[in-house]
file upload.txt (compact mmCIF, C-alpha atoms)
# COMPACT_ATOMS: atom_id res chain seq x y z
CA MET C 971 -13.81 -4.45 -11.87
CA SER C 972 -12.76 -7.11 -9.36
CA ALA C 973 -11.46 -6.32 -5.91
CA ARG C 974 -7.72 -6.10 -5.32
CA PHE C 975 -8.22 -7.26 -1.76
CA ASN C 976 -10.80 -6.73 0.98
CA MET C 977 -9.69 -4.19 3.57
CA ALA C 978 -12.15 -5.56 6.14
CA THR C 979 -10.43 -8.95 6.17
CA THR C 980 -6.88 -8.03 5.14
CA ASN C 981 -6.65 -5.27 7.74
CA ALA C 982 -9.43 -6.02 10.19
CA ALA C 983 -7.96 -3.84 12.93
CA SER C 984 -7.93 -0.72 10.75
CA TYR C 985 -11.35 -1.50 9.36
CA LYS C 986 -12.75 -1.87 12.86
CA ALA C 987 -11.19 1.44 13.82
CA GLY C 988 -12.87 3.05 10.82
CA ILE C 989 -16.20 1.68 11.96
CA GLY C 990 -15.36 3.12 15.37
CA MET C 991 -15.14 6.55 13.79
CA GLU C 992 -18.46 6.08 11.99
CA THR C 993 -20.05 5.02 15.28
CA ALA C 994 -18.65 8.04 17.10
CA LEU C 995 -20.24 10.26 14.47
CA GLN C 996 -23.71 8.82 15.01
CA ASP C 997 -24.09 11.44 17.74
CA SER C 998 -24.60 14.26 15.28
CA PHE C 999 -27.07 17.06 14.66
CA LEU C 1000 -27.09 16.17 10.97
CA SER C 1001 -30.29 14.66 9.62
CA PRO C 1002 -30.04 11.36 7.69
CA ILE C 1003 -30.43 13.21 4.38
CA GLN C 1004 -27.78 15.80 5.31
CA LYS C 1005 -25.40 12.96 6.16
CA GLU C 1006 -26.03 11.34 2.79
CA LEU C 1007 -25.54 14.64 0.92
CA ILE C 1008 -22.09 14.93 2.48
CA LYS C 1009 -21.25 11.33 1.57
CA ILE C 1010 -22.57 11.62 -1.98
CA ARG C 1011 -20.94 14.96 -2.81
CA THR C 1012 -17.58 13.82 -1.45
CA SER C 1013 -17.82 10.50 -3.29
CA GLN C 1014 -18.61 12.37 -6.51
CA ILE C 1015 -15.48 14.48 -6.14
CA ASN C 1016 -13.25 11.57 -5.19
CA GLY C 1017 -14.80 9.28 -7.81
CA CYS C 1018 -15.80 6.37 -5.57
CA ALA C 1019 -18.33 4.15 -7.32
CA PHE C 1020 -18.99 1.82 -4.40
CA CYS C 1021 -19.71 4.74 -2.10
CA LEU C 1022 -21.82 6.56 -4.68
CA ASP C 1023 -23.94 3.49 -5.25
CA MET C 1024 -24.37 2.80 -1.54
CA HIS C 1025 -25.15 6.33 -0.50
CA THR C 1026 -27.46 7.29 -3.34
CA LYS C 1027 -29.49 4.18 -2.49
CA ASP C 1028 -29.48 5.17 1.19
CA ALA C 1029 -30.47 8.74 0.33
CA LEU C 1030 -33.43 7.57 -1.73
CA LYS C 1031 -34.50 5.34 1.15
CA TYR C 1032 -34.50 8.41 3.42
CA GLY C 1033 -36.77 10.25 1.01
CA GLU C 1034 -34.24 12.20 -1.04
CA THR C 1035 -35.37 12.89 -4.62
CA PRO C 1036 -33.46 11.58 -7.65
CA GLN C 1037 -33.46 15.08 -9.12
CA ARG C 1038 -31.53 16.59 -6.21
CA ILE C 1039 -29.04 13.74 -6.29
CA PHE C 1040 -28.50 14.13 -10.04
CA LEU C 1041 -28.08 17.89 -9.62
CA LEU C 1042 -25.70 17.61 -6.68
CA ASN C 1043 -22.86 17.71 -9.19
CA ALA C 1044 -24.00 21.21 -10.08
CA TRP C 1045 -25.57 22.37 -6.84
CA ARG C 1046 -24.02 25.84 -7.11
CA ASP C 1047 -25.85 26.18 -10.40
CA SER C 1048 -29.14 25.03 -8.86
CA LYS C 1049 -29.11 26.64 -5.44
CA GLU C 1050 -32.87 26.98 -5.42
CA LEU C 1051 -33.08 23.24 -4.81
CA PHE C 1052 -30.91 23.36 -1.68
CA THR C 1053 -31.53 25.12 1.64
CA LEU C 1054 -28.97 27.59 2.99
CA GLU C 1055 -27.88 25.02 5.59
CA GLU C 1056 -27.42 22.40 2.88
CA GLN C 1057 -25.40 24.83 0.74
CA ILE C 1058 -23.00 25.54 3.58
CA ILE C 1059 -22.79 21.86 4.49
CA LEU C 1060 -21.93 21.05 0.87
CA THR C 1061 -19.33 23.83 0.68
CA ILE C 1062 -17.65 22.54 3.84
CA ALA C 1063 -17.71 18.99 2.46
CA GLU C 1064 -16.07 20.16 -0.78
CA GLU C 1065 -13.37 22.20 0.94
CA ILE C 1066 -12.56 19.41 3.38
CA THR C 1067 -12.39 16.94 0.49
CA LEU C 1068 -10.11 19.17 -1.60
CA ILE C 1069 -8.24 20.32 1.51
CA SER C 1070 -5.00 20.82 -0.41
CA ASP C 1071 -6.63 23.62 -2.47
CA LYS C 1072 -7.42 26.25 0.12
CA GLY C 1073 -8.20 24.54 3.40
CA LEU C 1074 -11.50 25.38 5.04
CA SER C 1075 -11.69 28.92 3.76
CA GLU C 1076 -12.31 31.88 6.01
CA GLU C 1077 -15.35 32.80 3.93
CA THR C 1078 -16.97 29.42 4.40
CA TYR C 1079 -16.05 29.28 8.09
CA GLN C 1080 -17.65 32.65 8.76
CA GLN C 1081 -20.80 31.69 6.86
CA ALA C 1082 -20.96 28.46 8.83
CA LYS C 1083 -20.53 30.25 12.17
CA GLU C 1084 -23.61 32.28 11.43
CA ILE C 1085 -25.92 29.31 11.40
CA PHE C 1086 -24.09 26.48 13.16
CA SER C 1087 -22.60 26.07 16.62
CA GLU C 1088 -18.97 24.99 16.95
CA ARG C 1089 -19.96 21.42 17.77
CA GLN C 1090 -22.31 21.31 14.78
CA LEU C 1091 -19.46 22.55 12.61
CA VAL C 1092 -17.27 19.73 13.95
CA ASP C 1093 -20.11 17.28 13.18
CA ILE C 1094 -20.10 18.44 9.56
CA ILE C 1095 -16.31 18.45 9.22
CA MET C 1096 -15.91 15.01 10.77
CA ALA C 1097 -18.66 13.59 8.54
CA ALA C 1098 -16.74 14.85 5.51
CA ILE C 1099 -13.47 13.48 6.90
CA SER C 1100 -15.04 10.09 7.49
CA ILE C 1101 -16.36 9.63 3.96
CA ASN C 1102 -12.97 10.79 2.66
CA MET C 1103 -11.52 7.85 4.60
CA TRP C 1104 -14.02 5.34 3.16
CA ASN C 1105 -13.58 6.67 -0.38
CA ARG C 1106 -9.84 6.08 -0.17
CA ILE C 1107 -10.27 2.55 1.13
CA ALA C 1108 -12.90 1.62 -1.46
CA ILE C 1109 -11.08 3.22 -4.41
CA SER C 1110 -7.65 1.81 -3.57
CA THR C 1111 -8.95 -1.73 -3.06
CA HIS C 1112 -11.36 -1.61 -6.05
CA LEU C 1113 -14.25 -2.52 -3.75
CA PRO C 1114 -16.90 -3.99 -6.07
CA ILE C 1115 -20.32 -2.36 -6.22
CA ALA C 1116 -22.87 -4.36 -4.26
CA LYS C 1117 -25.34 -6.39 -6.31
CA MET B 63 -2.73 32.01 13.42
CA SER B 64 -4.91 31.20 16.40
CA ALA B 65 -7.10 28.13 16.65
CA ARG B 66 -10.67 28.42 15.40
CA PHE B 67 -11.92 25.86 17.91
CA ASN B 68 -10.68 22.80 19.80
CA TRP B 69 -12.30 19.82 18.18
CA THR B 70 -10.95 17.32 20.72
CA THR B 71 -13.00 18.93 23.46
CA LEU B 72 -15.99 19.68 21.25
CA HIS B 73 -16.19 16.07 20.03
CA PRO B 74 -14.17 13.81 22.34
CA ALA B 75 -15.76 10.66 20.87
CA ALA B 76 -14.50 11.54 17.39
CA TYR B 77 -11.06 12.33 18.78
CA LYS B 78 -11.00 8.99 20.59
CA ALA B 79 -12.04 7.23 17.39
CA GLY B 80 -9.28 9.02 15.48
CA ILE B 81 -6.77 7.81 18.03
CA GLY B 82 -8.28 4.35 17.51
CA VAL B 83 -7.49 4.56 13.78
CA GLU B 84 -3.92 5.53 14.68
CA MET B 85 -3.59 2.76 17.27
CA ALA B 86 -4.75 0.12 14.80
CA LEU B 87 -1.57 0.86 12.82
CA GLN B 88 0.85 0.45 15.70
CA SER B 89 1.52 -3.19 14.81
CA SER B 90 2.10 -2.44 11.12
CA PHE B 91 5.28 -3.55 9.34
CA LEU B 92 6.29 0.07 8.70
CA ASN B 93 9.32 1.25 10.64
CA PRO B 94 9.18 4.59 12.46
CA ILE B 95 10.91 6.51 9.67
CA GLN B 96 8.68 5.01 6.98
CA LYS B 97 5.64 6.03 9.06
CA GLU B 98 6.95 9.59 9.30
CA LEU B 99 7.72 9.77 5.57
CA ILE B 100 4.07 8.94 4.86
CA LYS B 101 2.85 11.55 7.33
CA ILE B 102 5.25 14.24 6.13
CA ARG B 103 4.59 13.71 2.42
CA ALA B 104 0.80 13.76 2.86
CA SER B 105 1.05 16.84 5.09
CA GLN B 106 3.19 18.60 2.47
CA ILE B 107 0.61 17.94 -0.23
CA ASN B 108 -2.33 18.92 1.98
CA GLY B 109 -0.49 21.91 3.42
CA CYS B 110 -0.93 21.10 7.11
CA ALA B 111 1.55 23.13 9.17
CA TYR B 112 0.68 21.53 12.51
CA CYS B 113 1.24 18.06 11.11
CA LEU B 114 4.40 19.04 9.23
CA ASP B 115 5.93 20.54 12.34
CA MET B 116 5.01 17.56 14.50
CA HIS B 117 6.12 14.86 12.09
CA THR B 118 9.35 16.46 10.90
CA LYS B 119 10.34 16.74 14.57
CA ASP B 120 9.36 13.11 15.12
CA ALA B 121 11.26 12.03 12.01
CA LEU B 122 14.44 13.76 13.19
CA LYS B 123 14.04 12.10 16.60
CA HIS B 124 13.88 8.73 14.87
CA GLY B 125 17.13 9.45 13.05
CA GLU B 126 15.90 10.86 9.74
CA ILE B 127 18.25 13.44 8.23
CA PRO B 128 17.17 17.03 7.42
CA GLN B 129 18.36 16.71 3.81
CA ARG B 130 15.94 13.89 3.03
CA ILE B 131 13.07 15.76 4.64
CA PHE B 132 13.88 18.97 2.71
CA ILE B 133 14.09 16.99 -0.52
CA LEU B 134 10.89 15.00 0.07
CA ASN B 135 8.89 17.57 -1.90
CA ALA B 136 10.92 16.55 -4.93
CA TRP B 137 11.63 12.90 -4.17
CA LYS B 138 10.83 11.86 -7.75
CA ASP B 139 13.69 14.11 -8.80
CA ALA B 140 16.02 12.72 -6.11
CA LYS B 141 15.31 9.01 -6.19
CA GLU B 142 18.88 8.16 -5.23
CA PHE B 143 18.06 9.35 -1.72
CA PHE B 144 15.20 6.92 -1.26
CA THR B 145 15.13 3.14 -1.29
CA GLU B 146 12.84 1.32 -3.70
CA GLU B 147 10.49 0.47 -0.81
CA GLU B 148 10.39 4.13 0.24
CA GLN B 149 9.65 5.23 -3.32
CA VAL B 150 6.69 2.88 -3.60
CA ILE B 151 5.47 3.89 -0.13
CA LEU B 152 5.68 7.56 -1.17
CA MET B 153 3.90 6.86 -4.46
CA ILE B 154 1.03 5.15 -2.65
CA THR B 155 0.88 8.01 -0.16
CA GLU B 156 0.60 10.60 -2.93
CA GLU B 157 -2.06 8.70 -4.85
CA ILE B 158 -4.11 8.05 -1.72
CA THR B 159 -3.81 11.71 -0.74
CA LEU B 160 -4.86 12.97 -4.19
CA ILE B 161 -7.34 10.10 -4.61
CA ASN B 162 -9.65 12.17 -6.78
CA GLN B 163 -7.03 12.44 -9.52
CA LYS B 164 -6.45 8.87 -10.57
CA GLY B 165 -7.13 6.58 -7.62
CA LEU B 166 -4.43 4.10 -6.65
CA THR B 167 -3.10 3.36 -10.12
CA ASP B 168 -2.50 -0.11 -11.48
CA GLU B 169 1.09 0.91 -12.17
CA THR B 170 1.72 1.76 -8.53
CA TYR B 171 -0.24 -1.22 -7.24
CA GLU B 172 1.72 -3.66 -9.42
CA LYS B 173 5.02 -2.14 -8.23
CA ALA B 174 3.78 -2.44 -4.65
CA LYS B 175 2.86 -6.12 -5.11
CA LYS B 176 6.46 -6.86 -6.14
CA LEU B 177 7.83 -5.58 -2.83
CA PHE B 178 4.99 -5.97 -0.35
CA ASP B 179 2.28 -8.50 0.47
CA GLU B 180 -1.39 -7.53 0.65
CA THR B 181 -1.35 -6.96 4.39
CA GLN B 182 1.61 -4.64 4.09
CA ILE B 183 -0.02 -2.75 1.21
CA SER B 184 -3.18 -2.39 3.28
CA GLN B 185 -1.10 -0.94 6.13
CA ILE B 186 0.60 1.60 3.86
CA ILE B 187 -2.82 2.63 2.51
CA MET B 188 -4.32 2.98 6.00
CA ALA B 189 -1.32 4.98 7.22
CA ALA B 190 -1.91 7.40 4.34
CA VAL B 191 -5.65 7.42 5.06
CA ALA B 192 -5.00 8.22 8.71
CA ILE B 193 -2.76 11.24 8.12
CA ASN B 194 -5.26 12.50 5.54
CA MET B 195 -7.81 12.45 8.34
CA TRP B 196 -5.55 14.36 10.76
CA ASN B 197 -4.51 16.90 8.10
CA ARG B 198 -8.14 17.78 7.46
CA ILE B 199 -9.17 18.36 11.03
CA ALA B 200 -5.97 20.20 11.92
CA LYS B 201 -6.33 22.52 8.93
CA ALA B 202 -10.05 23.07 9.38
CA SER B 203 -9.62 24.00 13.04
CA HIS B 204 -6.40 26.00 12.47
CA MET B 205 -4.62 23.85 15.04
CA GLU B 206 -1.73 25.88 16.46
CA ILE B 207 1.81 24.66 15.89
CA GLY B 208 3.27 23.19 19.07
CA LYS B 209 5.73 25.43 20.86
call {"tool": "encode", "arguments": {"input": "upload.txt", "output": "structure tokens"}}
result
Amino acid sequence: MSARFNMATTNAASYKAGIGMETALQDSFLSPIQKELIKIRTSQINGCAFCLDMHTKDALKYGETPQRIFLLNAWRDSKELFTLEEQIILTIAEEITLISDKGLSEETYQQAKEIFSERQLVDIIMAAISINMWNRIAISTHLPIAK
Amino acid sequence: MSARFNWTTLHPAAYKAGIGVEMALQSSFLNPIQKELIKIRASQINGCAYCLDMHTKDALKHGEIPQRIFILNAWKDAKEFFTEEEQVILMITEEITLINQKGLTDETYEKAKKLFDETQISQIIMAAVAINMWNRIAKASHMEIGK
């Protein structure tokens, strides 16, 4: 599927601002694998092939196992493979992604408060928001999967 | 409903980066009312009260009429109220907002290409991406409606 246009060149200012957000989120408590789990799960829900390809490759580089990535689509049905922190991180990512459904639910927020500080919660939420931004850019412009 | 936390103070760098995304759109071709239509429609779909309150007030300040704002939820059923450009802008906004459903469809993209050049399309997309970012953080943090 060929690109419609390239956001980075057609709208360089917006693209640069998006990178600015990604840079701001480098200061995060999230481990590299936790960051990739957020990106992968969100990209699965939104159906972004470019992002899925990029972030599954990155995750494997960081030592993530193929099995956990495959099963991420059904993590609630395979909770034994994911730590409690990861489960809450994934739930937040899903609720932020499908924000129109029920927002960030009270149940999830309370569970998160038990193990994360407020700033850590913001780290997780903003990571999910950021990949939601990239998914929309990549999907709408038909960004081709890297060779 | 009181705020869960204040993300701008918890993560000032992310807030600054978000403002950066907004600022990158200041020079876009969209007029003030078109910008507000994008923000209001996305906020309606995502259910963000803070954003709805802010942007309906802004829209009225820019000369938008209450009737068009009320009817925006059903614009497809009231097309006579909206210009062809506005209809395409709203269609893009909805598809970007609900990106997981069907992406930015070929049908919408082809309609957009008839009225807008690539740069303009990229600006409409990024405007929708930006409000989707703000909706998520405002909802997640239960941002309180301005007095």
call {"tool": "closest_residue", "arguments": {"input": "upload.txt", "among": "B:Val150, B:Ile133, B:Ile127, B:Ile186", "to": "chain C", "atoms": "only C-alpha atoms"}}
result
B:Ile186
call {"tool": "residues_around", "arguments": {"input": "upload.txt", "residues": "Glu992 of chain C", "least_positions_apart": "4", "cutoff": "10 Å", "atoms": "only C-alpha atoms", "output": "JSON, numbers by chain"}}
result
{"C": [986, 987, 988, 996, 997, 1096, 1097, 1100, 1101, 1104], "B": [76, 79]}
call {"tool": "closest_atom_pairs", "arguments": {"input": "upload.txt", "of": "chain B", "to": "chain C", "cutoff": "7 Å", "atoms": "only C-alpha atoms", "output": "tab-separated table"}}
result
residue	atom	partner	partner_atom	distance
B:Trp69	CA	C:Val1092	CA	6.5
B:Leu72	CA	C:Arg1089	CA	5.6
B:His73	CA	C:Arg1089	CA	6.9
B:Ala75	CA	C:Ala994	CA	5.4
B:Ala76	CA	C:Ala994	CA	5.4
B:Ala79	CA	C:Met991	CA	4.8
B:Gly80	CA	C:Met991	CA	6.6
B:Gly82	CA	C:Ala987	CA	5.5
B:Val83	CA	C:Ala987	CA	4.8
B:Ala86	CA	C:Ser984	CA	5.2
B:Leu87	CA	C:Ser984	CA	6.9
B:Ile107	CA	C:Ser1070	CA	6.3
B:Asn108	CA	C:Ser1070	CA	4.1
B:Gly109	CA	C:Ser1070	CA	6.0
B:Ile158	CA	C:Arg1106	CA	6.3
B:Ile161	CA	C:Asn1016	CA	6.1
B:Asn162	CA	C:Asn1016	CA	4.0
B:Gly165	CA	C:Ile1109	CA	6.1
B:Leu166	CA	C:Ser1110	CA	5.0
B:Thr181	CA	C:Thr980	CA	5.7
B:Ser184	CA	C:Asn981	CA	6.3
B:Val191	CA	C:Met1103	CA	5.9
B:Met195	CA	C:Ile1099	CA	5.9
B:Arg198	CA	C:Ile1066	CA	6.2
B:Lys201	CA	C:Gly1073	CA	6.2
B:Ala202	CA	C:Leu1074	CA	5.1
call {"tool": "closest_residue", "arguments": {"input": "upload.txt", "among": "B:Ile100, B:Ser105, B:Leu92, B:Lys123", "to": "Ile199 of chain B", "atoms": "only C-alpha atoms"}}
result
B:Ser105
call {"tool": "atom_distance", "arguments": {"input": "upload.txt", "atom1": "atom CA of Gln1037 of chain C", "atom2": "atom CA of Leu1000 of chain C"}}
result
21.1 Å
call {"tool": "atom_distance", "arguments": {"input": "upload.txt", "atom1": "atom CA of Phe91 of chain B", "atom2": "atom CA of Gln182 of chain B"}}
result
6.5 Å
call {"tool": "atom_distance", "arguments": {"input": "upload.txt", "atom1": "atom CA of Phe67 of chain B", "atom2": "atom CA of Ser203 of chain B"}}
result
5.7 Å
call {"tool": "residues_near_point", "arguments": {"input": "upload.txt", "point": "(-0.5, 21.0, 11.0)", "cutoff": "8 Å", "atoms": "all atoms listed in the file", "output": "list in words"}}
result
Ser105, Gly109, Cys110, Ala111, Tyr112, Cys113, Leu114, Asp115, Met116, Asn197, Ala200, Lys201, His204, Met205, Glu206 and Ile207 of chain B
call {"tool": "residues_around", "arguments": {"input": "upload.txt", "residues": "Gln149 of chain B", "least_positions_apart": "2", "cutoff": "12 Å", "atoms": "all atoms listed in the file", "output": "list in words"}}
result
Gln96, Leu99, Ile100, Arg103, Leu134, Ala136, Trp137, Lys138, Asp139, Ala140, Lys141, Glu142, Phe143, Phe144, Thr145, Glu146, Glu147, Ile151, Leu152, Met153, Ile154, Thr155, Glu156, Thr170, Lys173, Ala174 and Leu177 of chain B
call {"tool": "write_last_selection", "arguments": {"input": "upload.txt", "atoms": "C-alpha atoms", "output": "PDB file, in the frame of the given file"}}
result
ATOM      1  CA  GLN B  96       8.680   5.010   6.980  1.00  0.00           C
ATOM      2  CA  LEU B  99       7.720   9.770   5.570  1.00  0.00           C
ATOM      3  CA  ILE B 100       4.070   8.940   4.860  1.00  0.00           C
ATOM      4  CA  ARG B 103       4.590  13.710   2.420  1.00  0.00           C
ATOM      5  CA  LEU B 134      10.890  15.000   0.070  1.00  0.00           C
ATOM      6  CA  ALA B 136      10.920  16.550  -4.930  1.00  0.00           C
ATOM      7  CA  TRP B 137      11.630  12.900  -4.170  1.00  0.00           C
ATOM      8  CA  LYS B 138      10.830  11.860  -7.750  1.00  0.00           C
ATOM      9  CA  ASP B 139      13.690  14.110  -8.800  1.00  0.00           C
ATOM     10  CA  ALA B 140      16.020  12.720  -6.110  1.00  0.00           C
ATOM     11  CA  LYS B 141      15.310   9.010  -6.190  1.00  0.00           C
ATOM     12  CA  GLU B 142      18.880   8.160  -5.230  1.00  0.00           C
ATOM     13  CA  PHE B 143      18.060   9.350  -1.720  1.00  0.00           C
ATOM     14  CA  PHE B 144      15.200   6.920  -1.260  1.00  0.00           C
ATOM     15  CA  THR B 145      15.130   3.140  -1.290  1.00  0.00           C
ATOM     16  CA  GLU B 146      12.840   1.320  -3.700  1.00  0.00           C
ATOM     17  CA  GLU B 147      10.490   0.470  -0.810  1.00  0.00           C
ATOM     18  CA  ILE B 151       5.470   3.890  -0.130  1.00  0.00           C
ATOM     19  CA  LEU B 152       5.680   7.560  -1.170  1.00  0.00           C
ATOM     20  CA  MET B 153       3.900   6.860  -4.460  1.00  0.00           C
ATOM     21  CA  ILE B 154       1.030   5.150  -2.650  1.00  0.00           C
ATOM     22  CA  THR B 155       0.880   8.010  -0.160  1.00  0.00           C
ATOM     23  CA  GLU B 156       0.600  10.600  -2.930  1.00  0.00           C
ATOM     24  CA  THR B 170       1.720   1.760  -8.530  1.00  0.00           C
ATOM     25  CA  LYS B 173       5.020  -2.140  -8.230  1.00  0.00           C
ATOM     26  CA  ALA B 174       3.780  -2.440  -4.650  1.00  0.00           C
ATOM     27  CA  LEU B 177       7.830  -5.580  -2.830  1.00  0.00           C
TER      28      LEU B 177
END
call {"tool": "residues_near_point", "arguments": {"input": "upload.txt", "point": "(-17.7, 24.8, -7.3)", "cutoff": "10 Å", "atoms": "all atoms listed in the file", "output": "MDAnalysis selection string"}}
result
chainID C and resid 1043:1047 1060:1061 1064:1065
call {"tool": "closest_residue", "arguments": {"input": "upload.txt", "among": "C:Glu1084, C:Lys1049, C:Pro1002, C:Arg1011", "to": "Asp1028 of chain C", "atoms": "all atoms listed in the file"}}
result
C:Pro1002
call {"tool": "closest_residue", "arguments": {"input": "upload.txt", "among": "B:Thr159, B:Ile131, B:Pro74, B:Asn68", "to": "Asn194 of chain B", "atoms": "only C-alpha atoms"}}
result
B:Thr159
